>>> print(open('upload-v8.cif').read())   # mmCIF, C-alpha atoms
data_protein
#
loop_
_atom_site.label_atom_id
_atom_site.label_comp_id
_atom_site.auth_asym_id
_atom_site.auth_seq_id
_atom_site.Cartn_x
_atom_site.Cartn_y
_atom_site.Cartn_z
CA MET A 28 201.72 111.45 180.48
CA ALA A 29 200.01 113.80 178.05
CA THR A 30 202.25 116.64 179.18
CA SER A 31 205.34 114.55 178.54
CA LEU A 32 204.51 114.47 174.83
CA SER A 33 204.59 118.25 174.66
CA ASN A 34 208.32 118.32 175.53
CA VAL A 35 209.14 116.46 172.36
CA VAL A 36 208.82 117.88 168.88
CA TRP A 37 208.20 115.80 165.78
CA GLY A 38 209.23 116.94 162.34
CA ASN A 39 210.03 116.01 158.77
CA PHE A 40 213.69 115.85 157.80
CA SER A 41 215.08 115.40 154.30
CA ILE A 42 217.96 116.30 152.06
CA GLU A 43 216.00 116.35 148.79
CA THR A 44 213.23 118.81 149.63
CA VAL A 45 213.89 122.51 149.84
CA GLN A 46 212.49 123.82 153.12
CA ALA A 47 212.80 127.19 154.78
CA ASP A 48 211.83 128.56 158.18
CA LEU A 49 210.56 132.10 157.53
CA ASP A 50 210.46 133.47 161.06
CA MET A 51 209.27 136.93 162.09
CA MET A 52 207.83 137.95 158.77
CA SER A 53 204.62 139.33 157.37
CA LYS A 54 202.57 137.05 155.15
CA GLU A 55 203.10 139.32 152.15
CA LYS A 56 206.87 139.16 152.49
CA ALA A 57 206.81 135.38 152.94
CA ILE A 58 204.74 134.95 149.76
CA TYR A 59 207.00 137.38 147.90
CA LEU A 60 210.08 135.36 148.89
CA LEU A 61 208.32 132.13 147.96
CA HIS A 62 207.56 133.43 144.45
CA ARG A 63 211.08 134.77 143.96
CA ALA A 64 212.68 131.43 144.89
CA LEU A 65 210.16 129.57 142.71
CA ASN A 66 211.00 131.62 139.64
CA TRP A 67 214.74 131.84 140.26
CA PHE A 68 215.37 128.11 140.76
CA ASP A 69 212.42 126.61 138.81
CA LEU A 70 211.11 124.71 141.81
CA GLY A 71 207.71 123.81 140.30
CA GLY A 72 205.41 124.47 143.23
CA ALA A 73 205.39 125.42 146.89
CA ILE A 74 203.27 125.58 150.05
CA LEU A 75 203.36 128.04 152.92
CA LEU A 76 202.54 126.95 156.48
CA GLU A 77 201.81 129.27 159.38
CA SER A 78 203.69 127.78 162.34
CA SER A 79 202.86 130.22 165.13
CA LYS A 80 202.07 133.83 165.93
CA LYS A 81 202.85 136.05 168.89
CA GLU A 82 201.09 139.26 169.90
CA TYR A 83 202.98 142.14 171.45
CA VAL A 84 201.10 144.88 173.28
CA ALA A 85 202.46 148.23 174.41
CA LYS A 86 200.78 150.23 177.21
CA LYS A 87 201.44 153.69 178.50
CA LYS A 88 202.03 154.34 182.15
CA GLY A 89 198.97 155.68 183.88
CA SER A 90 196.66 154.90 180.96
CA ARG A 91 194.64 152.42 183.04
CA GLY A 92 195.57 149.45 180.88
CA LYS A 93 194.79 151.15 177.61
CA VAL A 94 196.67 149.60 174.69
CA THR A 95 198.66 152.14 172.67
CA TYR A 96 200.30 149.80 170.19
CA ARG A 97 199.57 146.22 169.14
CA TYR A 98 201.89 144.10 167.01
CA THR A 99 201.51 140.47 165.88
CA GLU A 100 204.59 138.55 164.90
CA ARG A 101 204.00 135.62 162.57
CA ASN A 102 206.25 132.70 161.68
CA TYR A 103 205.96 130.71 158.47
CA LEU A 104 207.42 127.58 156.93
CA ALA A 105 207.96 127.10 153.20
CA VAL A 106 208.26 123.77 151.36
CA PHE A 107 209.04 123.45 147.64
CA ASP A 108 208.03 120.73 145.21
CA ARG A 109 211.03 119.90 142.99
CA PRO A 110 213.52 117.36 144.41
CA VAL A 111 217.13 118.60 144.44
CA SER A 112 220.51 117.35 145.56
CA TRP A 113 221.84 118.37 148.97
CA ILE A 114 224.40 120.74 147.39
CA ASP A 115 221.65 122.55 145.45
CA ASN A 116 219.45 122.54 148.53
CA VAL A 117 222.11 124.33 150.59
CA ALA A 118 222.58 126.88 147.81
CA ILE A 119 218.84 127.60 147.57
CA MET A 120 218.37 127.85 151.34
CA ASN A 121 221.27 130.29 151.64
CA TRP A 122 219.95 132.36 148.72
CA ILE A 123 216.55 132.67 150.40
CA ALA A 124 218.19 133.58 153.71
CA LEU A 125 220.28 136.32 152.11
CA GLU A 126 217.33 137.72 150.14
CA SER A 127 215.08 137.78 153.21
CA LYS A 128 217.66 139.75 155.26
CA SER A 129 216.39 138.08 158.45
CA GLU A 130 218.95 136.97 161.00
CA SER A 131 216.80 134.17 162.38
CA LEU A 132 216.53 132.51 158.96
CA LYS A 133 220.29 132.78 158.43
CA LEU A 134 220.84 131.11 161.79
CA TRP A 135 218.35 128.37 160.95
CA VAL A 136 220.13 127.67 157.64
CA ARG A 137 223.49 127.39 159.41
CA MET A 138 222.00 124.87 161.82
CA GLN A 139 220.64 122.80 158.93
CA CYS A 140 224.04 122.86 157.25
CA ILE A 141 225.64 121.52 160.42
CA LYS A 142 223.02 118.75 160.69
CA LYS A 143 223.35 117.95 156.97
CA SER A 144 219.58 117.73 156.59
CA SER A 145 216.81 120.31 156.76
CA THR A 146 214.07 119.77 159.35
CA VAL A 147 210.66 121.36 159.64
CA ARG A 148 208.34 121.10 162.63
CA LEU A 149 205.02 119.29 162.16
CA SER A 150 203.69 118.63 165.66
CA PRO A 151 202.55 121.16 168.28
CA LYS A 152 205.36 122.56 170.44
CA GLY A 153 204.43 123.61 173.96
CA SER A 154 201.73 126.26 173.64
CA LYS A 155 202.36 126.64 169.88
CA PRO A 156 199.88 124.85 167.64
CA MET A 157 200.78 122.59 164.73
CA PRO A 158 201.64 124.40 161.48
CA ARG A 159 198.70 125.01 159.15
CA ILE A 160 198.71 125.39 155.38
CA VAL A 161 198.00 129.00 154.43
CA TYR A 162 199.00 129.28 150.80
CA HIS A 163 199.88 126.95 147.92
CA ILE A 164 200.97 127.45 144.36
CA GLY A 165 202.09 125.34 141.38
CA SER A 166 202.49 121.58 141.21
CA GLN A 167 202.14 119.52 144.40
CA ASN A 168 202.96 116.05 143.11
CA GLN A 169 206.52 115.32 144.15
CA GLN A 170 208.15 116.47 147.39
CA ILE A 171 205.10 118.33 148.70
CA LYS A 172 203.05 115.16 148.35
CA LYS A 173 205.63 113.24 150.41
CA PHE A 174 205.77 116.02 152.95
CA LEU A 175 201.99 116.07 153.37
CA GLU A 176 201.93 112.27 153.70
CA THR A 177 204.46 112.36 156.53
CA ARG A 178 202.54 115.23 158.14
CA ARG A 179 199.32 113.22 158.04
CA PHE A 180 201.15 110.16 159.39
CA ILE A 181 202.75 112.01 162.30
CA LEU A 182 199.54 113.78 163.32
CA ASP A 183 197.52 110.56 163.14
CA SER A 184 200.07 108.57 165.13
CA LEU A 185 200.30 111.30 167.77
CA ARG A 186 196.52 111.27 168.13
CA ARG A 187 196.58 107.48 168.48
CA MET A 188 199.35 107.66 171.09
CA ARG A 189 197.39 110.20 173.11
CA LYS A 190 194.30 107.99 173.00
CA LYS A 191 196.30 105.00 174.20
CA GLU A 192 197.84 106.97 177.04
CA SER A 193 194.49 108.35 178.17
CA VAL A 194 193.02 104.82 178.21
CA GLU A 195 195.98 103.56 180.25
CA SER A 196 195.76 106.42 182.74
CA ASN A 197 191.99 105.87 183.14
CA SER A 198 192.53 102.16 183.83
CA LEU A 199 195.19 103.02 186.43
CA LYS A 200 192.84 105.50 188.07
CA GLY A 201 190.08 102.88 188.08
CA ASN A 202 192.33 100.35 189.85
CA GLN A 203 193.26 102.88 192.51
CA THR A 204 189.61 103.81 193.18
CA ASP A 205 188.70 100.10 193.45
CA LYS A 206 191.43 99.62 196.04
CA ILE A 207 190.22 102.64 198.03
CA ASP A 208 186.61 101.38 197.91
CA LYS A 209 187.68 97.94 199.16
CA ALA A 210 189.66 99.50 202.03
CA THR A 211 186.74 101.72 203.10
CA SER A 212 184.26 98.84 202.97
CA GLU A 213 186.55 96.69 205.17
CA ALA A 214 186.95 99.54 207.65
CA ASN A 215 183.19 100.02 207.79
CA LYS A 216 182.67 96.30 208.47
CA LYS A 217 185.09 96.47 211.35
CA MET B 43 157.54 155.65 81.85
CA PRO B 44 157.92 153.18 79.05
CA LYS B 45 156.13 149.93 79.54
CA ARG B 46 158.27 147.07 80.59
CA LYS B 47 158.65 144.29 78.06
CA LYS B 48 157.32 140.92 78.95
CA ARG B 49 160.12 138.53 79.64
CA SER B 50 160.27 135.45 77.48
CA ILE B 51 160.49 132.19 79.39
CA SER B 52 164.06 130.95 79.62
CA THR B 53 164.93 127.72 77.89
CA SER B 54 167.92 126.93 80.06
CA THR B 55 165.80 125.28 82.73
CA ARG B 56 163.84 123.26 80.23
CA LYS B 57 164.09 119.50 80.67
CA LYS B 58 162.88 116.42 78.88
CA GLY B 59 159.20 115.80 79.10
CA VAL B 60 158.42 119.27 80.37
CA PRO B 61 155.97 121.28 78.25
CA THR B 62 157.27 124.67 77.19
CA SER B 63 155.28 127.82 77.52
CA ASN B 64 156.57 129.03 74.15
CA VAL B 65 154.18 126.61 72.63
CA ARG B 66 150.87 127.94 73.72
CA LYS B 67 148.33 125.21 73.97
CA LYS B 68 144.80 125.45 72.81
CA GLY B 69 142.38 127.15 75.19
CA VAL B 70 145.17 128.80 77.28
CA SER B 71 145.57 132.58 77.14
CA THR B 72 148.78 134.55 77.89
CA LYS B 73 147.00 136.15 80.86
CA GLN B 74 146.50 132.73 82.41
CA ILE B 75 150.16 131.80 81.83
CA ASP B 76 151.36 135.04 83.42
CA ARG B 77 149.16 134.46 86.41
CA ILE B 78 150.60 130.97 86.90
CA ARG B 79 154.13 132.39 86.65
CA THR B 80 153.55 135.00 89.37
CA LEU B 81 151.89 132.53 91.72
CA SER B 82 154.60 129.90 91.27
CA ARG B 83 157.31 132.51 91.96
CA GLU B 84 155.58 133.26 95.24
CA GLY B 85 156.25 129.63 96.15
CA LYS B 86 152.71 128.32 95.96
CA THR B 87 151.91 124.72 95.16
CA ALA B 88 149.91 123.50 92.19
CA ASN B 89 146.84 122.93 94.35
CA GLN B 90 146.94 126.47 95.78
CA ILE B 91 147.43 127.94 92.31
CA GLN B 92 144.46 126.00 90.96
CA LYS B 93 142.22 127.22 93.79
CA THR B 94 143.16 130.89 93.24
CA MET B 95 142.71 130.49 89.48
CA ILE B 96 139.19 129.09 90.02
CA LYS B 97 138.36 132.04 92.27
CA GLU B 98 139.59 134.50 89.65
CA GLY B 99 137.82 132.69 86.85
CA LEU B 100 141.02 131.79 84.98
CA SER B 101 141.03 128.04 85.55
CA PHE B 102 141.68 125.47 82.88
CA ARG B 103 142.63 121.79 82.62
CA ARG B 104 144.72 120.73 85.60
CA GLN B 105 147.19 118.52 83.70
CA THR B 106 148.16 121.34 81.30
CA MET B 107 148.42 123.77 84.20
CA GLN B 108 150.77 121.40 86.03
CA GLY B 109 153.03 121.35 82.96
CA TYR B 110 153.36 125.12 83.14
CA VAL B 111 153.95 125.04 86.89
CA ARG B 112 156.73 122.48 86.48
CA GLU B 113 158.41 124.63 83.88
CA PHE B 114 158.38 127.73 86.05
CA ARG B 115 159.66 125.84 89.06
CA ALA B 116 162.18 123.89 86.93
CA ARG B 117 161.02 120.48 88.03
CA PRO B 118 160.96 117.36 85.85
CA ALA B 119 157.84 115.36 85.14
CA PRO B 120 157.32 112.29 87.37
CA SER B 121 158.57 109.05 85.91
CA TYR B 122 155.75 106.55 85.61
CA PRO B 123 156.59 102.85 85.80
CA SER B 124 156.78 101.20 82.39
CA LYS B 125 154.25 98.61 81.61
CA ASN B 126 155.37 95.02 81.76
CA VAL B 127 155.08 93.49 78.33
CA PRO B 128 155.36 89.69 78.09
CA THR B 129 158.46 88.48 76.25
CA LYS B 130 156.60 86.61 73.57
CA TYR B 131 155.24 89.95 72.26
CA LEU B 132 158.71 91.55 72.15
CA THR B 133 161.04 91.73 69.16
CA LYS B 134 164.41 89.97 69.12
CA LYS B 135 166.31 93.15 70.03
CA GLU B 136 164.02 93.97 72.90
CA LYS B 137 164.31 90.39 74.18
CA LYS B 138 168.13 90.62 74.23
CA GLU B 139 168.00 94.01 76.02
CA LYS B 140 165.63 92.62 78.60
CA GLU B 141 167.91 89.66 79.28
CA LYS B 142 170.90 91.95 79.58
CA ALA B 143 169.07 94.17 82.05
CA LYS B 144 168.06 91.12 84.08
CA LYS B 145 171.64 89.86 84.17
CA LYS B 146 172.88 93.30 85.20
CA LYS B 147 170.37 93.46 88.04
CA ALA B 148 171.31 90.00 89.27
CA TYR B 149 175.02 90.84 89.09
CA ALA B 150 174.50 94.09 91.04
CA LYS B 151 172.50 92.22 93.70
CA ALA B 152 175.18 89.57 94.08
CA LYS B 153 177.86 92.25 94.35
CA ALA B 154 175.96 94.10 97.06
CA LYS B 155 175.49 90.84 98.99
CA LYS B 156 179.19 90.04 98.81
CA ALA B 157 180.11 93.53 100.01
CA LYS B 158 177.71 93.22 102.94
CA GLU B 159 179.14 89.85 103.93
CA LYS B 160 182.67 91.23 103.75
CA ALA B 161 181.77 94.17 105.98
CA LYS B 162 180.14 91.82 108.48
CA ALA B 163 183.20 89.58 108.56
CA LYS B 164 185.45 92.61 109.13
CA LYS B 165 183.31 93.79 112.00
CA SER B 166 183.28 90.39 113.67
CA LYS B 167 187.08 90.14 113.25
CA ALA B 168 187.55 93.51 114.90
CA LYS B 169 185.30 92.43 117.80
CA LYS B 170 187.27 89.24 118.25
CA LYS B 171 190.50 91.20 118.25
CA LYS B 172 189.14 93.50 120.94
CA ALA B 173 187.96 90.60 123.05
CA LYS B 174 191.34 88.90 122.87
CA LYS B 175 193.72 89.74 125.66
CA PRO B 176 196.95 91.29 124.48
CA LYS B 177 199.94 89.08 124.83
CA ARG B 178 202.05 89.96 127.84
CA ALA B 179 205.34 91.38 126.73
CA ARG B 180 208.15 89.42 128.26
CA GLY B 181 210.61 91.58 130.08
CA ALA B 182 214.29 91.50 129.34
CA VAL B 183 216.09 88.60 130.99
CA TYR B 184 219.23 89.56 132.83
CA LYS B 185 221.91 87.08 133.71
CA GLY B 186 225.14 86.96 135.62
CA TYR B 187 226.54 90.24 136.87
CA GLN B 188 223.61 92.32 135.60
CA GLN B 189 221.09 90.10 137.43
CA ARG B 190 223.05 90.29 140.69
CA TRP B 191 223.41 94.06 140.36
CA ARG B 192 219.66 94.44 139.81
CA GLN B 193 218.82 92.28 142.83
CA ARG B 194 221.20 94.29 144.99
CA HIS B 195 219.80 97.65 143.88
CA LYS B 196 216.17 96.64 143.94
CA ARG B 197 213.99 98.76 146.21
CA PRO B 198 212.25 96.78 148.96
CA GLU B 199 208.86 98.46 148.38
CA GLY B 200 207.29 100.70 145.82
CA ARG B 201 206.10 103.26 148.32
CA ALA B 202 208.27 106.17 149.31
CA GLN B 203 209.87 106.11 152.74
CA LYS B 204 208.92 108.63 155.38
CA TYR B 205 211.57 110.60 157.22
CA VAL B 206 210.65 111.51 160.77
CA ALA B 207 212.79 113.45 163.21
CA GLU B 208 212.18 113.62 166.93
CA TYR B 209 214.03 116.25 168.88
CA GLY B 210 213.81 117.71 172.34
CA THR B 211 215.63 118.07 175.62
CA VAL B 212 216.37 115.28 178.11
CA LEU B 213 217.23 116.68 181.53
CA GLY B 214 218.43 119.91 179.98
CA GLU B 215 220.51 118.32 177.23
CA PRO B 216 219.46 118.28 173.57
CA ARG B 217 218.83 114.92 171.88
CA ARG B 218 217.82 114.12 168.34
CA ILE B 219 216.65 110.88 166.72
CA GLN B 220 216.05 110.62 162.98
CA VAL B 221 214.17 107.56 161.75
CA TYR B 222 213.12 106.54 158.27
CA GLY B 223 210.87 103.73 157.13
CA HIS B 224 207.32 102.75 156.26
CA GLY B 225 204.02 103.16 158.09
CA ARG B 226 203.55 100.45 160.71
CA GLN B 227 207.23 100.00 161.60
CA LEU B 228 207.67 103.74 161.91
CA TYR B 229 204.66 103.96 164.21
CA GLU B 230 206.09 101.23 166.45
CA VAL B 231 209.41 103.08 166.59
CA MET B 232 207.57 106.31 167.42
CA MET B 233 205.81 104.51 170.26
CA LEU B 234 209.20 103.28 171.51
CA ILE B 235 210.82 106.69 171.40
CA GLY B 236 208.02 109.08 172.21
CA GLY B 237 205.18 107.04 173.66
CA SER B 238 206.65 105.04 176.49
CA HIS B 239 209.40 107.37 177.70
CA GLY B 240 207.83 110.61 176.59
CA ARG B 241 211.12 111.92 175.30
CA PRO B 242 214.22 110.70 173.48
CA PRO B 243 216.16 108.33 175.78
CA LYS B 244 219.12 109.70 177.66
CA HIS B 245 222.42 108.93 176.05
CA ARG B 246 226.01 110.10 176.24
CA PHE B 247 225.91 111.37 172.65
CA LYS B 248 223.40 113.63 170.91
CA PHE B 249 222.49 112.14 167.56
CA LEU B 250 221.01 108.91 166.30
CA GLU B 251 219.97 108.22 162.75
CA ILE B 252 218.69 104.77 161.95
CA ASP B 253 216.36 102.66 159.78
CA ALA B 254 213.09 101.69 161.49
CA ASN B 255 213.52 97.98 160.66
CA THR B 256 216.98 97.66 162.16
CA LEU B 257 215.92 99.53 165.30
CA LEU B 258 212.90 97.27 165.78
CA ALA B 259 215.09 94.16 165.50
CA ASP B 260 216.91 95.05 168.72
CA PRO B 261 215.68 98.32 170.27
CA ASP B 262 217.77 98.13 173.46
CA LYS B 263 220.94 97.71 171.48
CA TYR B 264 220.41 100.90 169.51
CA LEU B 265 218.55 103.11 171.96
CA ILE B 266 220.58 102.45 175.09
CA HIS B 267 224.00 101.19 174.03
CA GLY B 268 223.74 101.78 170.28
CA ILE B 269 225.40 103.72 167.59
CA TRP B 270 224.83 107.23 168.78
CA ASP B 271 227.12 109.97 167.63
CA TYR B 272 228.32 113.31 168.93
CA LYS B 273 227.81 114.84 165.47
CA PRO B 274 225.22 114.26 162.72
CA ARG B 275 225.84 111.28 160.42
CA PHE B 276 225.33 111.27 156.69
CA ASP B 277 224.08 107.71 156.05
CA TYR B 278 220.67 107.68 154.45
CA GLY B 279 218.64 104.66 153.46
CA ASP B 280 217.47 106.00 150.13
#
>>> encode(input="upload-v8.cif", output="structure tokens")
Amino acid sequence: MATSLSNVVWGNFSIETVQADLDMMSKEKAIYLLHRALNWFDLGGAILLESSKKEYVAKKKGSRGKVTYRYTERNYLAVFDRPVSWIDNVAIMNWIALESKSESLKLWVRMQCIKKSSTVRLSPKGSKPMPRIVYHIGSQNQQIKKFLETRRFILDSLRRMRKKESVESNSLKGNQTDKIDKATSEANKK
Amino acid sequence: MPKRKKRSISTSTRKKGVPTSNVRKKGVSTKQIDRIRTLSREGKTANQIQKTMIKEGLSFRRQTMQGYVREFRARPAPSYPSKNVPTKYLTKKEKKEKEKAKKKKAYAKAKAKKAKEKAKAKKSKAKKKKAKKPKRARGAVYKGYQQRWRQRHKRPEGRAQKYVAEYGTVLGEPRRIQVYGHGRQLYEVMMLIGGSHGRPPKHRFKFLEIDANTLLADPDKYLIHGIWDYKPRFDYGD
């Protein structure tokens, strides 16, 4: 049952908070974009979350497994503090996507526009861990506070669910072993 | 080098009852007076000056010396308490003055007492005011249409709602459920969606967006038959 949970992804969706999925970017560039958006739209404060990272390794033929080039690709998530209307939110997200010049972010923004609400992942997804806070700046009282509350809530409830499932599976296993023991004891008597 | 003239003692610092050094008293030489001046300028007390003078062989009567010291340090003579003379030995004028002074003293005392009492009363009043609870301000009373409008638009709880989205694939097809609500109800909904089945339930359409309370009222109705949509809806609770 524990594996079944990994198929599903939990996230925070909203129309008021400005969120952005900064995929395939260095940390410096992500922070630079964060600051630019903060100053351009007066968004009060922001946090940066590291969602996942992937390591690419290049090897030469006949080098006996010697690594010639190593490259780590990092993905980030950005959440801003000031609440905005959905129209403003779309404008800000598109501005960030254009400034970043990354195709994956543009695609993500289009998907959010179709859904009419921006969503950001909070739970672990397959082998990827849950997003961690890497950087924060400015005020954190309004939308970021709400976001962190929902994050805490989701992570806690997931942990509780896992505990429940493990207890249930253990009890099932215990019943099965009892049955097997009974059967063996009867056979021995015979 | 011409000899420097001896400075005469200034009269500006002279006060009532202080003997002046211009009037040289009997048995006191100018040498002694000069010595006292230098010592007093150094900041020495009358006792110290007297001791040094005795050592140097320039000492004289202490009371006269003190007069000089006071002058150089510009200090008045101590005021000794006047002797109490019984009224029967006083003249008529003196008697009247004495009575007046007595009355003045009594009046000043009474005034001071009154002022003290007033201050005490003020303090106690302030304390009482502090101890008193402030009156609760009555809120504005709305009637008719305004009252109904307020009841309709009143938020159910003060806390902010949480918006949780669950998305994944069910047998190769994408499904998405968006739920909003408060803590316990949301957790129960999460258990319904993610805990028991392990994934969003299979449905003909892709999207479902719903309040946690309404879903909990009849979960089968919404999850299995419910109000799913092939495209995202735009109905939010808040």
>>> resolve_selection(input="upload-v8.cif", expression="the PyMOL selection byres ((chain A) within 10 of (chain B))", output="PDB file with C-alpha atoms, in the frame of the given file")
ATOM      1  CA  MET A  28     201.720 111.450 180.480  1.00  0.00           C
ATOM      2  CA  ALA A  29     200.010 113.800 178.050  1.00  0.00           C
ATOM      3  CA  THR A  30     202.250 116.640 179.180  1.00  0.00           C
ATOM      4  CA  SER A  31     205.340 114.550 178.540  1.00  0.00           C
ATOM      5  CA  LEU A  32     204.510 114.470 174.830  1.00  0.00           C
ATOM      6  CA  SER A  33     204.590 118.250 174.660  1.00  0.00           C
ATOM      7  CA  ASN A  34     208.320 118.320 175.530  1.00  0.00           C
ATOM      8  CA  VAL A  35     209.140 116.460 172.360  1.00  0.00           C
ATOM      9  CA  VAL A  36     208.820 117.880 168.880  1.00  0.00           C
ATOM     10  CA  TRP A  37     208.200 115.800 165.780  1.00  0.00           C
ATOM     11  CA  GLY A  38     209.230 116.940 162.340  1.00  0.00           C
ATOM     12  CA  ASN A  39     210.030 116.010 158.770  1.00  0.00           C
ATOM     13  CA  PHE A  40     213.690 115.850 157.800  1.00  0.00           C
ATOM     14  CA  SER A  41     215.080 115.400 154.300  1.00  0.00           C
ATOM     15  CA  ILE A  42     217.960 116.300 152.060  1.00  0.00           C
ATOM     16  CA  ILE A 141     225.640 121.520 160.420  1.00  0.00           C
ATOM     17  CA  LYS A 142     223.020 118.750 160.690  1.00  0.00           C
ATOM     18  CA  LYS A 143     223.350 117.950 156.970  1.00  0.00           C
ATOM     19  CA  SER A 144     219.580 117.730 156.590  1.00  0.00           C
ATOM     20  CA  THR A 146     214.070 119.770 159.350  1.00  0.00           C
ATOM     21  CA  VAL A 147     210.660 121.360 159.640  1.00  0.00           C
ATOM     22  CA  ARG A 148     208.340 121.100 162.630  1.00  0.00           C
ATOM     23  CA  LEU A 149     205.020 119.290 162.160  1.00  0.00           C
ATOM     24  CA  SER A 150     203.690 118.630 165.660  1.00  0.00           C
ATOM     25  CA  LYS A 152     205.360 122.560 170.440  1.00  0.00           C
ATOM     26  CA  LYS A 173     205.630 113.240 150.410  1.00  0.00           C
ATOM     27  CA  PHE A 174     205.770 116.020 152.950  1.00  0.00           C
ATOM     28  CA  GLU A 176     201.930 112.270 153.700  1.00  0.00           C
ATOM     29  CA  THR A 177     204.460 112.360 156.530  1.00  0.00           C
ATOM     30  CA  ARG A 178     202.540 115.230 158.140  1.00  0.00           C
ATOM     31  CA  PHE A 180     201.150 110.160 159.390  1.00  0.00           C
ATOM     32  CA  ILE A 181     202.750 112.010 162.300  1.00  0.00           C
ATOM     33  CA  ASP A 183     197.520 110.560 163.140  1.00  0.00           C
ATOM     34  CA  SER A 184     200.070 108.570 165.130  1.00  0.00           C
ATOM     35  CA  LEU A 185     200.300 111.300 167.770  1.00  0.00           C
ATOM     36  CA  ARG A 187     196.580 107.480 168.480  1.00  0.00           C
ATOM     37  CA  MET A 188     199.350 107.660 171.090  1.00  0.00           C
ATOM     38  CA  ARG A 189     197.390 110.200 173.110  1.00  0.00           C
ATOM     39  CA  LYS A 191     196.300 105.000 174.200  1.00  0.00           C
ATOM     40  CA  GLU A 192     197.840 106.970 177.040  1.00  0.00           C
TER      41      GLU A 192
END
>>> resolve_selection(input="upload-v8.cif", expression="the PyMOL selection byres ((chain A and resi 169) around 10)", output="PDB file with C-alpha atoms, in the coordinates of the input")
ATOM      1  CA  THR A  44     213.230 118.810 149.630  1.00  0.00           C
ATOM      2  CA  GLY A  71     207.710 123.810 140.300  1.00  0.00           C
ATOM      3  CA  GLY A  72     205.410 124.470 143.230  1.00  0.00           C
ATOM      4  CA  PHE A 107     209.040 123.450 147.640  1.00  0.00           C
ATOM      5  CA  ASP A 108     208.030 120.730 145.210  1.00  0.00           C
ATOM      6  CA  ARG A 109     211.030 119.900 142.990  1.00  0.00           C
ATOM      7  CA  PRO A 110     213.520 117.360 144.410  1.00  0.00           C
ATOM      8  CA  SER A 166     202.490 121.580 141.210  1.00  0.00           C
ATOM      9  CA  GLN A 167     202.140 119.520 144.400  1.00  0.00           C
ATOM     10  CA  ASN A 168     202.960 116.050 143.110  1.00  0.00           C
ATOM     11  CA  GLN A 170     208.150 116.470 147.390  1.00  0.00           C
ATOM     12  CA  ILE A 171     205.100 118.330 148.700  1.00  0.00           C
ATOM     13  CA  LYS A 172     203.050 115.160 148.350  1.00  0.00           C
ATOM     14  CA  LYS A 173     205.630 113.240 150.410  1.00  0.00           C
ATOM     15  CA  PHE A 174     205.770 116.020 152.950  1.00  0.00           C
TER      16      PHE A 174
END
>>> atom_distance(input="upload-v8.cif", atom1="CA of Ser131 in chain A", atom2="CA of Arg97 in chain A")
22.1 Å
>>> residues_near_point(input="upload-v8.cif", point="(204.2, 136.4, 148.7)", cutoff="12 Å", atoms="only C-alpha atoms", output="list in words")
Leu49, Met52, Ser53, Lys54, Glu55, Lys56, Ala57, Ile58, Tyr59, Leu60, Leu61, His62, Arg63, Ala64, Leu65, Ala73, Ile74, Leu75, Tyr103, Ala105, Ser127, Val161, Tyr162, His163 and Ile164 of chain A
>>> atom_distance(input="upload-v8.cif", atom1="CA of Trp270 in chain B", atom2="CA of Asp48 in chain A")
27.1 Å
>>> atom_distance(input="upload-v8.cif", atom1="CA of Ser79 in chain A", atom2="CA of Asn102 in chain A")
5.4 Å
>>> closest_residue(input="upload-v8.cif", among="B:Ala143, B:Glu136, B:Thr87, B:Leu213", to="Arg115 in chain B", atoms="all atoms listed in the file")
B:Thr87
>>> residues_around(input="upload-v8.cif", residues="Lys140 in chain B", least_positions_apart="4", cutoff="12 Å", atoms="all atoms listed in the file", output="PyMOL selection string")
chain B and resi 126-130+132-136+144-147
>>> closest_residue(input="upload-v8.cif", among="B:Lys67, B:Arg77, B:Lys137, B:Arg192", to="Gly99 in chain B", atoms="all atoms listed in the file")
B:Arg77
>>> closest_residue(input="upload-v8.cif", among="B:Asp260, B:Glu159, B:Glu98, B:Glu113", to="Arg79 in chain B", atoms="all atoms listed in the file")
B:Glu113
>>> build_atoms(input="upload-v8.cif", residues="range 53-59 of chain A", atoms="N, CA and C atoms", output="mmCIF file, in the coordinates of the input")
data_model
loop_
_atom_site.group_PDB
_atom_site.id
_atom_site.type_symbol
_atom_site.label_atom_id
_atom_site.label_comp_id
_atom_site.auth_asym_id
_atom_site.auth_seq_id
_atom_site.Cartn_x
_atom_site.Cartn_y
_atom_site.Cartn_z
ATOM 1 N N SER A 53 206.023 139.163 157.746
ATOM 2 C CA SER A 53 204.620 139.330 157.370
ATOM 3 C C SER A 53 204.273 138.300 156.302
ATOM 4 N N LYS A 54 202.993 138.059 156.133
ATOM 5 C CA LYS A 54 202.570 137.050 155.150
ATOM 6 C C LYS A 54 202.931 137.479 153.736
ATOM 7 N N GLU A 55 202.806 138.794 153.480
ATOM 8 C CA GLU A 55 203.100 139.320 152.150
ATOM 9 C C GLU A 55 204.561 139.073 151.780
ATOM 10 N N LYS A 56 205.436 139.329 152.761
ATOM 11 C CA LYS A 56 206.870 139.160 152.490
ATOM 12 C C LYS A 56 207.201 137.686 152.273
ATOM 13 N N ALA A 57 206.561 136.825 153.073
ATOM 14 C CA ALA A 57 206.810 135.380 152.940
ATOM 15 C C ALA A 57 206.389 134.899 151.554
ATOM 16 N N ILE A 58 205.219 135.357 151.086
ATOM 17 C CA ILE A 58 204.740 134.950 149.760
ATOM 18 C C ILE A 58 205.634 135.510 148.661
ATOM 19 N N TYR A 59 206.102 136.743 148.879
ATOM 20 C CA TYR A 59 207.000 137.380 147.900
ATOM 21 C C TYR A 59 208.290 136.571 147.766
#
